[in-house]
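**Q** One structure, as structure tokens, below. Some questions next.
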Amino acid sequence: MSERTSARVVVVTSGKGGVGKTTTTAALGAALAHLGDKVVVVDFDVGLRNLDLVLGAERRVVFDLINVINGVAKLPQALIRDKRLENLYLLPASQTRDKDALTEEGVGKVIGELREKFDWIVCDSPAGIERGATLAMRHADAAIIVTNPEVSSVRDSDRIIGLLDAKTEKAERGECVDKHLLITRYHPWRASRGEMLSIDDVLEILSVPLLGIIPESEEVLRASNLGSPVTINAALSAPARAYFDATRRLKGEQIAMQVPSESRGLFTKLFGRKAA
Amino acid sequence: MKLFSLFRGGSAPVARERLQILLAHERSARTEPDLLAVLREEILAVIGRHVPFEPDKVQIKLDRGKLVSTLAVDIEIPNGHRTAGIAPQYSKLKLDGSSSALNKQVA
């Protein structure tokens, strides 16, 4: 913690559900920690928490974000340290059904405390545009907009971009949240046949700089099944490498963008199986 | 060209065009009131001042296009109702608002 510069608060958001926010939060958080930074991932999905499950920490949750806000627990008591990466911590969401439990003042206080302790505070936003989502983005320095190359996801991302430009603390100060687009569940062969929006289509429509392209992969599902971020569980797989590249770009490194290409050889095409 | 790509199963260009049109409207709606909605309200208010009509006899069609949007207000006015400003032989009043000038303010 000694040589640390200022902490960065990053919100992982999308508007639409099921596009890969939680998977991305876990994968990026683990990658940042693996690269040596001190990271906390914060679940803002009150009532429907899942980041604990994707990180394999579901049986270790004692206190949560709401408990910290309400003063039931101190922040260090609620933070769960990852068993694989000593630099990675989780602040779980509450399973309460009371959405009002998340207050703007409380969230601001917790984020302020986390800024003292961590290099990166990665906020996993719930789907939608209600309280949880707006509070997750409220204090963000940067935003990762997770988008699938699909009409409803792109539309919702556009809406979220509008909120990032209007409803965040930075926007209200007249500044701008750093926005990054992360395209997930990309099928190279569908895009090449014109069955799926291409990367260029999505970039042209949303006009947000591209952080990375994560190909659709069974490794992502497998990692969730096992409760281990794909960047730890299958670090050499195509999605993990794409997440590592995205992480380095987030840290400011210049890394050439690789558009995933059709990796199926003649054999696998003939027999309809995906290359491992 | 479009038909050809549809025929081949490549629906991405259609998706792209639909999104571009939709988002152009949604983005402008964030910063300014929806012009077409305002026009619809005001047109109905003006007509309501001269002739009584039943709200459920009003059909409003809206088509938001890329270059031109159209607002069509179709109002059924009861026969025998004569008021200044409305020609008596008209039993149906049709307003078709469609111009690129209109659209410029919308898009």
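As shown in the structure tokens, the chain order sets the letters A, B, ...; within each chain, residues go from 1, and ligands are also counted from 1 in the order they appear.
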Determine, counting only C-alpha atoms, which protein, DNA and RNA residues have an atom within 10 Å of an atom of Gly36 (chain A); residues of the same chain fewer than 4 positions away are not included. Present the result as a tab-separated table (two decimals) with C-alpha atoms, in the first residue's frame.

**A**
```tsv
chain	number	residue	atom	x	y	z
A	30	ALA	CA	-8.67	-11.29	-10.54
A	31	ALA	CA	-6.51	-10.16	-13.45
A	32	LEU	CA	-5.75	-6.81	-11.79
A	85	LEU	CA	-5.02	-14.25	-4.84
A	86	GLU	CA	-3.98	-12.46	-1.67
A	87	ASN	CA	-4.51	-9.04	-3.31
A	88	LEU	CA	-8.15	-9.71	-4.15
A	119	ASP	CA	-5.76	0.47	-5.81
```

**Q** At a cut-off of 6 Å, list the chain A residues touching chain B, using only C-alpha atoms, as a VMD selection string.

**A** chain A and resid 194 to 197

**Q** Neighbours of Thr184 (chain A) within 7 Å (only C-alpha atoms; same-chain residues fewer than 4 positions away dropped), as JSON, numbers by chain?

**A** {"A": [20, 146, 147, 148, 213, 214, 215, 216]}

**Q** Keeping only C-alpha atoms, take the residues you just selected and write them out as a PDB file, in the first residue's frame.

**A**
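Dumped everything to out_21.pdb:
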```pdb
ATOM      1  CA  GLY A  20     -21.641 -10.792 -18.415  1.00  0.00           C
ATOM      2  CA  VAL A 146     -20.431  -4.623 -21.050  1.00  0.00           C
ATOM      3  CA  THR A 147     -22.272  -5.145 -24.319  1.00  0.00           C
ATOM      4  CA  ASN A 148     -23.246  -8.150 -26.379  1.00  0.00           C
ATOM      5  CA  ILE A 213     -13.535  -8.285 -27.109  1.00  0.00           C
ATOM      6  CA  ILE A 214     -14.287 -11.439 -25.177  1.00  0.00           C
ATOM      7  CA  PRO A 215     -15.155 -14.385 -27.388  1.00  0.00           C
ATOM      8  CA  GLU A 216     -18.017 -16.681 -26.445  1.00  0.00           C
TER       9      GLU A 216
END
```

**Q** Skip Cys176 (chain A) itself and residues of its chain fewer than 4 positions away, then list as a list in words all residues within 10 Å of it, counting only C-alpha atoms.

**A**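 Final neighbour list, sorted by chain and number: Ala140, Asp141, Ala142, Leu164, Asp165, Ala166, Thr168, Glu169, Lys170, Ala171 and Glu172 of chain A.
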
**Q** Write out as a list in words the residues lying within 9 Å of Val68 (chain A), counting only C-alpha atoms and excluding same-chain residues fewer than 4 positions away.

**A**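 Once the adjacent positions are removed, what remains is Phe63, Asp64, Val72, Ala73, Lys74, Leu75, Gln77, Ala78, Gly106 and Val110 of chain A.
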
**Q** Would you output that residue set with C-alpha atoms, as a PDB file, in the first residue's frame?

**A**
```pdb
ATOM      1  CA  PHE A  63     -21.375  -9.508   6.647  1.00  0.00           C
ATOM      2  CA  ASP A  64     -22.242  -7.480   3.576  1.00  0.00           C
ATOM      3  CA  VAL A  72     -23.736  -3.481  11.987  1.00  0.00           C
ATOM      4  CA  ALA A  73     -20.236  -4.429  10.843  1.00  0.00           C
ATOM      5  CA  LYS A  74     -16.978  -2.616  10.251  1.00  0.00           C
ATOM      6  CA  LEU A  75     -15.610  -2.650   6.728  1.00  0.00           C
ATOM      7  CA  GLN A  77     -15.105  -7.507   8.984  1.00  0.00           C
ATOM      8  CA  ALA A  78     -17.160  -7.607   5.800  1.00  0.00           C
ATOM      9  CA  GLY A 106     -23.830   5.183   2.998  1.00  0.00           C
ATOM     10  CA  VAL A 110     -17.964   2.998   2.097  1.00  0.00           C
TER      11      VAL A 110
END
```

**Q** Using the chain letters and numbers from this document, which residues of region 33-209 of chain A does DSSP assign to alpha helix (DSSP H), as number ranges by chain?

**A** A: 33-34, 51-54, 65-70, 75-78, 104-117, 131-138, 151-164, 169-172, 188-192, 199-206

**Q** Identify, with DSSP run on backbone atoms, the residues in region 193-227 of chain A assigned to strand (DSSP E), and express the list as a ChimeraX atom specification.

**A** /A:210-215

**Q** Tell me, in Å to one decimal, how far CA of Leu206 (chain A) is from CA of Asp158 (chain A).

**A**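 Interatomic distance, CA of Leu206 (chain A) to CA of Asp158 (chain A): 6.3 Å.
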
**Q** What separation in Å, quoted to one decimal, exists between CA of Val54 (chain A) and CA of Asp245 (chain A)?

**A**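 Those two atoms sit 20.8 Å apart.
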